[in-house]
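*Asks:* Have a peek at final-v1.cif (mmCIF, C-alpha atoms).
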data_final
loop_
_atom_site.group_PDB
_atom_site.id
_atom_site.type_symbol
_atom_site.label_atom_id
_atom_site.label_comp_id
_atom_site.auth_asym_id
_atom_site.auth_seq_id
_atom_site.Cartn_x
_atom_site.Cartn_y
_atom_site.Cartn_z
ATOM 1 C CA MET J 1 49.364 95.490 -134.585
ATOM 2 C CA PHE J 2 48.313 97.808 -131.761
ATOM 3 C CA SER J 3 48.142 101.517 -132.470
ATOM 4 C CA ILE J 4 50.060 102.496 -129.339
ATOM 5 C CA VAL J 5 51.663 105.808 -130.253
ATOM 6 C CA SER J 6 48.334 107.260 -131.397
ATOM 7 C CA LYS J 7 47.317 107.188 -127.699
ATOM 8 C CA ARG J 8 50.374 109.155 -126.636
ATOM 9 C CA LYS J 9 48.388 112.169 -125.400
ATOM 10 C CA ILE J 10 46.500 109.875 -123.025
ATOM 11 C CA PHE J 11 49.776 108.283 -121.889
ATOM 12 C CA PHE J 12 51.390 111.688 -121.329
ATOM 13 C CA SER J 13 48.353 112.819 -119.334
ATOM 14 C CA ILE J 14 48.388 109.744 -117.093
ATOM 15 C CA SER J 15 52.109 110.132 -116.431
ATOM 16 C CA ALA J 16 51.699 113.859 -115.723
ATOM 17 C CA VAL J 17 48.985 113.162 -113.139
ATOM 18 C CA VAL J 18 51.062 110.444 -111.440
ATOM 19 C CA CYS J 19 54.183 112.656 -111.384
ATOM 20 C CA LEU J 20 52.158 115.558 -109.971
ATOM 21 C CA ALA J 21 50.855 113.260 -107.231
ATOM 22 C CA ALA J 22 54.444 112.165 -106.496
ATOM 23 C CA ILE J 23 55.604 115.787 -106.271
ATOM 24 C CA LEU J 24 52.750 116.613 -103.886
ATOM 25 C CA CYS J 25 53.739 113.630 -101.711
ATOM 26 C CA LEU J 26 57.326 114.868 -101.601
ATOM 27 C CA ILE J 27 56.187 118.384 -100.647
ATOM 28 C CA ILE J 28 53.614 117.354 -98.026
ATOM 29 C CA CYS J 29 55.558 114.437 -96.528
ATOM 30 C CA PRO J 30 59.242 114.524 -97.580
ATOM 31 C CA LEU J 31 61.350 111.382 -97.650
ATOM 32 C CA LYS J 32 62.310 110.097 -94.217
ATOM 33 C CA LEU J 33 66.086 109.890 -94.319
ATOM 34 C CA GLY J 34 67.808 107.062 -92.461
ATOM 35 C CA ILE J 35 70.927 107.380 -90.336
ATOM 36 C CA ASP J 36 73.082 106.940 -93.443
ATOM 37 C CA PHE J 37 72.113 110.544 -94.289
ATOM 38 C CA THR J 38 71.187 112.129 -90.955
ATOM 39 C CA GLY J 39 73.711 110.470 -88.645
ATOM 40 C CA GLY J 40 72.916 108.479 -85.516
ATOM 41 C CA ALA J 41 73.048 104.941 -84.143
ATOM 42 C CA MET J 42 71.248 101.786 -85.209
ATOM 43 C CA ILE J 43 71.057 98.490 -83.338
ATOM 44 C CA GLU J 44 69.390 95.367 -84.686
ATOM 45 C CA LEU J 45 68.400 92.892 -81.961
ATOM 46 C CA SER J 46 66.835 89.443 -81.905
ATOM 47 C CA PHE J 47 64.951 87.859 -79.014
ATOM 48 C CA GLU J 48 63.871 84.332 -78.147
ATOM 49 C CA GLU J 49 60.635 85.857 -76.859
ATOM 50 C CA ARG J 50 60.158 89.282 -78.365
ATOM 51 C CA PRO J 51 58.932 91.963 -75.909
ATOM 52 C CA SER J 52 56.559 94.720 -76.957
ATOM 53 C CA ILE J 53 57.793 98.012 -78.373
ATOM 54 C CA GLU J 54 56.415 99.831 -75.312
ATOM 55 C CA GLN J 55 58.480 97.606 -72.998
ATOM 56 C CA ILE J 56 61.672 98.381 -74.916
ATOM 57 C CA LYS J 57 60.998 102.134 -74.911
ATOM 58 C CA GLU J 58 60.354 102.027 -71.177
ATOM 59 C CA LYS J 59 63.744 100.390 -70.557
ATOM 60 C CA LEU J 60 65.495 102.981 -72.758
ATOM 61 C CA ASN J 61 63.915 106.055 -71.148
ATOM 62 C CA SER J 62 66.808 106.545 -68.722
ATOM 63 C CA PHE J 63 69.427 106.897 -71.489
ATOM 64 C CA ASN J 64 68.250 110.231 -72.950
ATOM 65 C CA LEU J 65 68.409 108.940 -76.522
ATOM 66 C CA GLY J 66 66.035 111.530 -77.951
ATOM 67 C CA GLU J 67 63.479 110.188 -80.431
ATOM 68 C CA VAL J 68 63.736 106.395 -80.505
ATOM 69 C CA LYS J 69 62.418 104.686 -83.635
ATOM 70 C CA ILE J 70 61.695 100.967 -83.325
ATOM 71 C CA SER J 71 60.605 98.712 -86.182
ATOM 72 C CA GLN J 72 60.093 94.961 -86.302
ATOM 73 C CA THR J 73 62.504 92.743 -88.236
ATOM 74 C CA GLY J 74 61.667 89.142 -88.990
ATOM 75 C CA GLU J 75 59.715 87.118 -86.464
ATOM 76 C CA ASN J 76 61.677 87.882 -83.287
ATOM 77 C CA GLY J 77 63.695 91.012 -83.910
ATOM 78 C CA TYR J 78 63.665 94.801 -83.634
ATOM 79 C CA LEU J 79 65.604 97.575 -85.337
ATOM 80 C CA LEU J 80 66.357 100.494 -82.993
ATOM 81 C CA ARG J 81 67.345 103.956 -84.265
ATOM 82 C CA PHE J 82 68.298 106.946 -82.125
ATOM 83 C CA LYS J 83 70.885 109.710 -81.802
ATOM 84 C CA GLU J 84 74.626 109.009 -81.789
ATOM 85 C CA ILE J 85 75.929 107.305 -78.631
ATOM 86 C CA ASP J 86 79.321 106.309 -77.223
ATOM 87 C CA GLU J 87 80.469 102.736 -76.670
ATOM 88 C CA GLN J 88 79.757 102.804 -72.940
ATOM 89 C CA THR J 89 76.121 103.735 -73.539
ATOM 90 C CA HIS J 90 75.942 101.054 -76.230
ATOM 91 C CA GLN J 91 77.023 98.354 -73.791
ATOM 92 C CA GLU J 92 74.648 99.629 -71.083
ATOM 93 C CA ILE J 93 71.725 99.438 -73.489
ATOM 94 C CA LEU J 94 72.553 95.807 -74.261
ATOM 95 C CA LYS J 95 72.660 95.016 -70.547
ATOM 96 C CA VAL J 96 69.282 96.639 -69.921
ATOM 97 C CA LEU J 97 67.624 94.772 -72.781
ATOM 98 C CA THR J 98 67.925 91.344 -71.207
ATOM 99 C CA GLY J 99 67.562 88.363 -73.501
ATOM 100 C CA ALA J 100 68.550 90.407 -76.555
ATOM 101 C CA LYS J 101 71.170 89.255 -79.039
ATOM 102 C CA GLU J 102 72.852 91.994 -81.052
ATOM 103 C CA GLU J 103 72.789 91.237 -84.780
ATOM 104 C CA ARG J 104 74.084 94.551 -86.062
ATOM 105 C CA TYR J 105 75.363 97.852 -84.701
ATOM 106 C CA GLU J 106 76.111 100.908 -86.815
ATOM 107 C CA ILE J 107 76.923 104.486 -85.968
ATOM 108 C CA VAL J 108 77.154 107.353 -88.446
ATOM 109 C CA GLY J 109 78.265 110.854 -87.495
ATOM 110 C CA PRO J 110 76.423 113.910 -88.877
ATOM 111 C CA THR J 111 79.420 114.921 -90.999
ATOM 112 C CA ILE J 112 79.603 111.491 -92.629
ATOM 113 C CA GLY J 113 75.832 111.515 -93.116
ATOM 114 C CA GLN J 114 76.014 114.847 -94.958
ATOM 115 C CA GLU J 115 78.880 113.545 -97.075
ATOM 116 C CA VAL J 116 76.858 110.456 -98.028
ATOM 117 C CA LYS J 117 73.906 112.679 -98.980
ATOM 118 C CA THR J 118 76.128 114.855 -101.188
ATOM 119 C CA LYS J 119 77.721 111.853 -102.879
ATOM 120 C CA ALA J 120 74.296 110.298 -103.514
ATOM 121 C CA LYS J 121 73.074 113.452 -105.266
ATOM 122 C CA THR J 122 76.291 113.654 -107.276
ATOM 123 C CA ALA J 123 76.012 110.001 -108.352
ATOM 124 C CA ILE J 124 72.431 110.442 -109.583
ATOM 125 C CA ILE J 125 73.090 113.698 -111.460
ATOM 126 C CA LEU J 126 76.297 112.374 -113.031
ATOM 127 C CA SER J 127 74.542 109.156 -114.111
ATOM 128 C CA VAL J 128 71.744 111.096 -115.818
ATOM 129 C CA ILE J 129 74.222 113.368 -117.635
ATOM 130 C CA LEU J 130 76.351 110.446 -118.852
ATOM 131 C CA ILE J 131 73.267 108.541 -120.037
ATOM 132 C CA PHE J 132 72.112 111.593 -121.999
ATOM 133 C CA VAL J 133 75.531 112.094 -123.598
ATOM 134 C CA TYR J 134 75.772 108.412 -124.535
ATOM 135 C CA ILE J 135 72.343 108.297 -126.193
ATOM 136 C CA VAL J 136 73.021 111.492 -128.168
ATOM 137 C CA TRP J 137 76.291 109.989 -129.368
ATOM 138 C CA ALA J 138 74.933 106.491 -130.034
ATOM 139 C CA PHE J 139 72.074 107.761 -132.205
ATOM 140 C CA ARG J 140 73.977 110.590 -133.849
ATOM 141 C CA LYS J 141 73.676 109.047 -137.334
ATOM 142 C CA ILE J 142 69.877 109.127 -137.217
ATOM 143 C CA SER J 143 70.320 112.887 -137.669
ATOM 144 C CA ARG J 144 71.052 112.305 -141.353
ATOM 145 C CA PHE J 145 67.306 111.704 -141.812
ATOM 146 C CA PHE J 146 65.840 114.481 -139.668
ATOM 147 C CA GLY J 147 68.578 117.010 -138.927
ATOM 148 C CA ARG J 148 71.100 117.537 -136.185
ATOM 149 C CA GLN J 149 68.533 117.925 -133.438
ATOM 150 C CA GLU J 150 67.184 114.365 -133.801
ATOM 151 C CA SER J 151 69.716 112.548 -131.615
ATOM 152 C CA TRP J 152 69.152 115.196 -128.959
ATOM 153 C CA ARG J 153 65.433 114.397 -129.126
ATOM 154 C CA TYR J 154 66.232 110.745 -128.396
ATOM 155 C CA GLY J 155 68.417 111.756 -125.460
ATOM 156 C CA ALA J 156 65.774 114.114 -124.076
ATOM 157 C CA GLY J 157 63.087 111.424 -124.359
ATOM 158 C CA ALA J 158 65.179 108.941 -122.393
ATOM 159 C CA ILE J 159 66.027 111.484 -119.691
ATOM 160 C CA LEU J 160 62.377 112.533 -119.383
ATOM 161 C CA ALA J 161 61.488 108.877 -118.773
ATOM 162 C CA LEU J 162 64.230 108.566 -116.139
ATOM 163 C CA VAL J 163 63.056 111.690 -114.309
ATOM 164 C CA HIS J 164 59.533 110.220 -114.400
ATOM 165 C CA ASP J 165 60.817 106.970 -112.835
ATOM 166 C CA MET J 166 62.804 108.739 -110.103
ATOM 167 C CA LEU J 167 59.861 110.973 -109.219
ATOM 168 C CA ILE J 168 57.502 108.017 -108.863
ATOM 169 C CA MET J 169 59.975 106.026 -106.745
ATOM 170 C CA CYS J 170 60.656 108.983 -104.446
ATOM 171 C CA GLY J 171 56.977 109.893 -104.226
ATOM 172 C CA PHE J 172 56.028 106.313 -103.396
ATOM 173 C CA PHE J 173 58.586 106.106 -100.580
ATOM 174 C CA ALA J 174 57.606 109.539 -99.280
ATOM 175 C CA LEU J 175 54.040 108.243 -98.956
ATOM 176 C CA LEU J 176 55.299 105.001 -97.443
ATOM 177 C CA GLY J 177 57.353 106.981 -94.948
ATOM 178 C CA PHE J 178 54.287 108.975 -93.960
ATOM 179 C CA LEU J 179 52.059 105.918 -93.587
ATOM 180 C CA LYS J 180 54.523 103.322 -92.280
ATOM 181 C CA GLY J 181 57.528 105.338 -91.138
ATOM 182 C CA THR J 182 59.745 103.755 -93.813
ATOM 183 C CA GLU J 183 63.167 105.394 -94.083
ATOM 184 C CA VAL J 184 65.396 105.589 -97.124
ATOM 185 C CA ASP J 185 69.100 104.806 -96.917
ATOM 186 C CA THR J 186 72.009 104.079 -99.228
ATOM 187 C CA LEU J 187 70.269 100.910 -100.429
ATOM 188 C CA PHE J 188 67.473 103.110 -101.774
ATOM 189 C CA ILE J 189 70.035 105.142 -103.710
ATOM 190 C CA SER J 190 71.482 101.882 -105.053
ATOM 191 C CA ALA J 191 67.995 100.861 -106.194
ATOM 192 C CA LEU J 192 67.498 104.265 -107.810
ATOM 193 C CA LEU J 193 70.732 103.963 -109.786
ATOM 194 C CA THR J 194 69.870 100.374 -110.734
ATOM 195 C CA ILE J 195 66.515 101.481 -112.142
ATOM 196 C CA LEU J 196 68.188 104.268 -114.119
ATOM 197 C CA GLY J 197 70.263 101.647 -115.904
ATOM 198 C CA TYR J 198 67.384 99.170 -116.259
ATOM 199 C CA SER J 199 64.942 101.718 -117.658
ATOM 200 C CA VAL J 200 67.349 103.268 -120.132
ATOM 201 C CA ASN J 201 68.379 99.826 -121.375
ATOM 202 C CA ASP J 202 64.754 99.084 -122.236
ATOM 203 C CA THR J 203 64.462 102.465 -123.948
ATOM 204 C CA ILE J 204 67.602 101.981 -126.038
ATOM 205 C CA VAL J 205 66.356 98.620 -127.333
ATOM 206 C CA ILE J 206 63.244 100.279 -128.757
ATOM 207 C CA TYR J 207 65.183 103.304 -130.021
ATOM 208 C CA ASP J 208 67.536 100.992 -131.872
ATOM 209 C CA ARG J 209 64.575 99.221 -133.493
ATOM 210 C CA ILE J 210 63.214 102.609 -134.568
ATOM 211 C CA ARG J 211 66.553 103.431 -136.157
ATOM 212 C CA GLU J 212 66.608 100.131 -138.070
ATOM 213 C CA ASN J 213 63.029 100.505 -139.289
ATOM 214 C CA THR J 214 63.656 104.101 -140.349
ATOM 215 C CA LEU J 215 66.312 102.764 -142.722
ATOM 216 C CA LEU J 216 63.817 100.237 -144.113
ATOM 217 C CA TYR J 217 60.798 102.481 -144.512
ATOM 218 C CA GLY J 218 62.201 106.000 -144.676
ATOM 219 C CA ARG J 219 61.246 109.103 -142.733
ATOM 220 C CA ASP J 220 57.997 110.072 -144.465
ATOM 221 C CA ASN J 221 55.981 107.554 -142.433
ATOM 222 C CA PHE J 222 57.776 108.079 -139.147
ATOM 223 C CA GLU J 223 54.799 107.701 -136.798
ATOM 224 C CA GLU J 224 53.980 104.318 -138.312
ATOM 225 C CA VAL J 225 57.658 103.350 -138.105
ATOM 226 C CA VAL J 226 57.725 104.188 -134.390
ATOM 227 C CA ASN J 227 54.487 102.300 -133.782
ATOM 228 C CA LEU J 228 55.773 99.234 -135.650
ATOM 229 C CA SER J 229 59.052 99.317 -133.727
ATOM 230 C CA LEU J 230 57.236 99.554 -130.409
ATOM 231 C CA ASN J 231 54.957 96.629 -131.293
ATOM 232 C CA GLU J 232 57.943 94.512 -132.312
ATOM 233 C CA SER J 233 59.655 95.173 -128.965
ATOM 234 C CA LEU J 234 56.588 95.192 -126.728
ATOM 235 C CA VAL J 235 56.385 91.486 -125.866
ATOM 236 C CA ARG J 236 60.114 91.289 -125.189
ATOM 237 C CA SER J 237 59.952 94.348 -122.942
ATOM 238 C CA LEU J 238 56.952 93.111 -120.948
ATOM 239 C CA ASN J 239 58.333 89.582 -120.553
ATOM 240 C CA THR J 240 61.703 90.871 -119.346
ATOM 241 C CA SER J 241 60.063 93.197 -116.829
ATOM 242 C CA LEU J 242 57.678 90.513 -115.592
ATOM 243 C CA THR J 243 60.380 87.901 -114.982
ATOM 244 C CA THR J 244 62.605 90.461 -113.241
ATOM 245 C CA LEU J 245 59.683 91.632 -111.148
ATOM 246 C CA LEU J 246 58.923 88.082 -109.992
ATOM 247 C CA VAL J 247 62.489 87.666 -108.735
ATOM 248 C CA VAL J 248 62.440 91.050 -106.996
ATOM 249 C CA LEU J 249 59.105 90.320 -105.296
ATOM 250 C CA THR J 250 60.483 86.986 -104.080
ATOM 251 C CA ILE J 251 63.389 88.857 -102.483
ATOM 252 C CA ALA J 252 60.963 91.325 -100.903
ATOM 253 C CA LEU J 253 58.851 88.558 -99.396
ATOM 254 C CA PHE J 254 61.547 86.248 -98.032
ATOM 255 C CA THR J 255 64.433 88.441 -96.850
ATOM 256 C CA GLY J 256 65.243 90.844 -94.014
ATOM 257 C CA SER J 257 63.817 94.323 -93.586
ATOM 258 C CA SER J 258 66.724 96.271 -95.113
ATOM 259 C CA THR J 259 66.763 94.093 -98.224
ATOM 260 C CA GLN J 260 62.981 94.284 -98.452
ATOM 261 C CA ILE J 261 63.139 98.072 -98.845
ATOM 262 C CA PHE J 262 65.717 97.663 -101.614
ATOM 263 C CA ALA J 263 63.583 95.038 -103.370
ATOM 264 C CA LEU J 264 60.417 97.113 -103.019
ATOM 265 C CA ALA J 265 62.182 100.120 -104.542
ATOM 266 C CA LEU J 266 63.315 97.934 -107.445
ATOM 267 C CA ALA J 267 59.785 96.616 -107.948
ATOM 268 C CA VAL J 268 58.303 100.122 -108.118
ATOM 269 C CA GLY J 269 61.100 101.221 -110.452
ATOM 270 C CA ILE J 270 60.671 98.249 -112.798
ATOM 271 C CA ILE J 271 56.943 98.892 -113.165
ATOM 272 C CA SER J 272 57.491 102.619 -113.648
ATOM 273 C CA GLY J 273 60.439 102.069 -116.014
ATOM 274 C CA THR J 274 58.477 99.709 -118.237
ATOM 275 C CA TRP J 275 55.599 102.171 -118.445
ATOM 276 C CA SER J 276 57.848 105.171 -119.122
ATOM 277 C CA THR J 277 59.673 103.387 -121.942
ATOM 278 C CA ILE J 278 56.424 102.556 -123.719
ATOM 279 C CA ALA J 279 54.365 105.614 -122.834
ATOM 280 C CA ILE J 280 56.925 108.435 -122.602
ATOM 281 C CA ALA J 281 60.370 107.811 -124.102
ATOM 282 C CA THR J 282 59.143 106.214 -127.335
ATOM 283 C CA PRO J 283 56.256 108.596 -128.187
ATOM 284 C CA PHE J 284 58.497 111.552 -127.270
ATOM 285 C CA VAL J 285 60.594 111.090 -130.416
ATOM 286 C CA LEU J 286 57.465 111.886 -132.462
ATOM 287 C CA LEU J 287 57.211 115.431 -131.146
ATOM 288 C CA GLY J 288 57.708 117.787 -134.076
ATOM 289 C CA HIS J 289 57.098 115.085 -136.689
ATOM 290 C CA THR J 290 54.030 114.891 -138.910
ATOM 291 C CA LYS J 291 52.263 111.692 -139.878
ATOM 292 C CA LYS J 292 52.714 110.733 -143.520
ATOM 293 C CA GLY J 293 52.031 107.489 -145.311
ATOM 294 C CA THR J 294 51.826 103.997 -143.851
ATOM 295 C CA VAL J 295 54.115 101.036 -143.440
ATOM 296 C CA PRO J 296 53.383 97.310 -143.631
ATOM 297 C CA LYS J 297 52.270 95.516 -140.469
ATOM 298 C CA SER J 298 55.337 93.289 -140.591
ATOM 299 C CA ARG J 299 58.920 93.560 -141.769
ATOM 300 C CA PRO J 300 59.844 92.907 -145.388
ATOM 301 C CA SER J 301 62.240 90.068 -146.060
ATOM 302 C CA GLN J 302 64.879 92.356 -147.527
ATOM 303 C CA THR J 303 68.309 92.770 -145.988
ATOM 304 C CA ARG J 304 68.492 95.552 -143.457
ATOM 305 C CA ILE J 305 71.113 98.262 -143.803
ATOM 306 C CA ASN J 306 73.220 98.729 -140.709
ATOM 307 C CA ILE J 307 74.300 102.273 -139.955
ATOM 308 C CA GLY J 308 76.203 101.208 -136.832
ATOM 309 C CA PHE J 309 77.423 103.713 -134.270
#
Before anything else, please render the file you have as structure tokens.

*Replies:*
Amino acid sequence: MFSIVSKRKIFFSISAVVCLAAILCLIICPLKLGIDFTGGAMIELSFEERPSIEQIKEKLNSFNLGEVKISQTGENGYLLRFKEIDEQTHQEILKVLTGAKEERYEIVGPTIGQEVKTKAKTAIILSVILIFVYIVWAFRKISRFFGRQESWRYGAGAILALVHDMLIMCGFFALLGFLKGTEVDTLFISALLTILGYSVNDTIVIYDRIRENTLLYGRDNFEEVVNLSLNESLVRSLNTSLTTLLVVLTIALFTGSSTQIFALALAVGIISGTWSTIAIATPFVLLGHTKKGTVPKSRPSQTRINIGF
């Protein structure tokens, strides 16, 4: 059995350094928001023989589109982003870009973009609050061993891990935006919310094992109970994350550009979520507890008491 929780200070230090780096990335090079948040027009085009980006910009110079952002999509396509335009200008652009086939056209006004941004923030904050409330309620009976504050400790540990995951995802995409010009849109928010659920699910599995083992071994050897519970769940947690990651990476490699960003965000979140469950959420419940006694390296064959919810 690995002595994982005894290394918790090292784990906390590593996570603190990574989170600090993510915060610095967000300060120095903030997230590049897509038109879903800022407003504007987006046209996705495909060509039989794709021209260069410089050729496309030269043809668009006469339209006064402001800053034009062009990124490649697939083997023969481009994604064009610029300020909001009317339908007449839209049709003129298509005429100028000869040989282009329009795959997608979207336009988002600044008011709608601001509304999307507000709703995205609300969704994330509300999700975190509801997750915290649920965990405090679900593990309320563990308080009979350690006092009323214990279920709140479980909730705080899970939320700390989620904040860690969100920081790393946002920091990674801020850096990616600085280096590659990658923008975040509503799909990124969807990935963020998905990872919140994925990460907390992993955390709850281990928390539930801690609760069961506390009933078996008592509270006087709590650090050993936590370590045993983590070891019992470790292989399951890693295998689940690995198989999910393989699917997500396949999506990232063999799909279009918009889906690739979503898949990449999921991949970063899965890796971060697995780490935070093992290195942050689980050791966090030990804060304030003292190490006493030892427990066996494996479970006894006795019947386990179920305290339920």

*Asks:* Could you build a table of the residues in stretch 47-140 of chain J lying no more than 10 Å from stretch 199-202 of chain J, giving for each the nearest pair of atoms and their separation in Å rounded to one decimal place, using all atoms listed in the file, ordered by chain and ascending residue number, as a tab-separated table?

*Replies:*
residue	atom	partner	partner_atom	distance
J:Val128	CA	J:Val200	CA	10.0
J:Ile131	CA	J:Val200	CA	7.9
J:Phe132	CA	J:Val200	CA	9.8
J:Ile135	CA	J:Val200	CA	9.3

*Asks:* Please compute the atom CA of J:Trp275-atom CA of J:Val247 distance, one decimal, in Å.

*Replies:*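 Rounded to one decimal, the two atoms are 18.8 Å apart.
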
*Asks:* Would you place a box with edges along x, y and z of the file around all atoms of stretch 155-158 of chain J listed there, add 4 Å to each of its six sides, and report the centre and edge lengths in Å to one decimal, as lines of an AutoDock Vina configuration file?

*Replies:*
center_x = 65.8
center_y = 111.5
center_z = -123.9
size_x = 13.3
size_y = 13.2
size_z = 11.1

*Asks:* For the PyMOL selection byres ((chain J and resi 258-265) around 8), applied here, can you spell out every residue it catches as a list in words?

*Replies:* Met169, Leu187, Phe188, Ser190, Ala191, Leu192, Val248, Leu249, Ile251, Ala252, Leu253, Thr255, Gly256, Ser257, Leu266, Ala267, Val268 and Gly269 of chain J

*Asks:* Mind giving me the straight-line distance from atom CA of J:Leu162 to atom CA of J:Leu179 in Å, one decimal?

*Replies:*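 Straight-line distance from atom CA of J:Leu162 to atom CA of J:Leu179 works out to 25.8 Å.
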
*Asks:* Under the rule that all atoms listed in the file are counted, which of J:Ile4, J:Ile23, J:Leu33, J:Ile142 is the nearest residue to J:Glu232?

*Replies:* J:Ile4

*Asks:* Between atom CA of J:Ala120 and atom CA of J:Gly273, what distance in Å does the model show, to one decimal?

*Replies:*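 Atom CA of J:Ala120 sits 20.4 Å away from atom CA of J:Gly273.
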
*Asks:* Which residues would end up in the selection if the PyMOL selection byres ((chain J and resi 170) around 12) were applied here, given that I need the answer as a PyMOL selection string?

*Replies:* chain J and resi 18-19+21-27+29-33+163-169+171-177+182-184+188-189+191-192+264-266+268-269+272

*Asks:* For each of J:Leu238, J:Ser46, J:Ser151, J:Glu223, take the minimum atom-to-atom distance to J:Arg8, counting only C-alpha atoms, then give the residue where this is smallest.

*Replies:*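 Looking at the shortest contact to J:Arg8, the residue is J:Glu223.
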
*Asks:* Can you translate the PyMOL selection byres ((chain J and resi 102) around 10) into the concrete residues it hits in this file, as a VMD selection string?

*Replies:* chain J and resid 43 to 47 77 to 78 94 99 to 101 103 to 105

*Asks:* Kindly indicate which residue among J:Ser127, J:Thr98, J:Thr277, J:Glu84 lies nearest to J:Glu48, using all atoms listed in the file for the distances.

*Replies:*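 When distances to J:Glu48 are compared using all atoms listed in the file, the smallest one comes from J:Thr98.
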
*Asks:* Hey, which of J:Leu287, J:Leu20, J:Ile204, J:Ala41 ends up closest to J:Arg153? Count all atoms listed in the file.

*Replies:*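 The answer is J:Leu287, which sits nearest to J:Arg153.
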
*Asks:* Taking all atoms listed in the file into account, name the residue in J:Thr118, J:Thr274, J:Asn76, J:Gln88 that is nearest to J:Leu245.

*Replies:* J:Thr274

*Asks:* With all atoms listed in the file as the atoms that count, which of J:Lys69, J:Lys59, J:Arg236, J:Arg140 lies nearest to J:Lys95?

*Replies:* J:Lys59
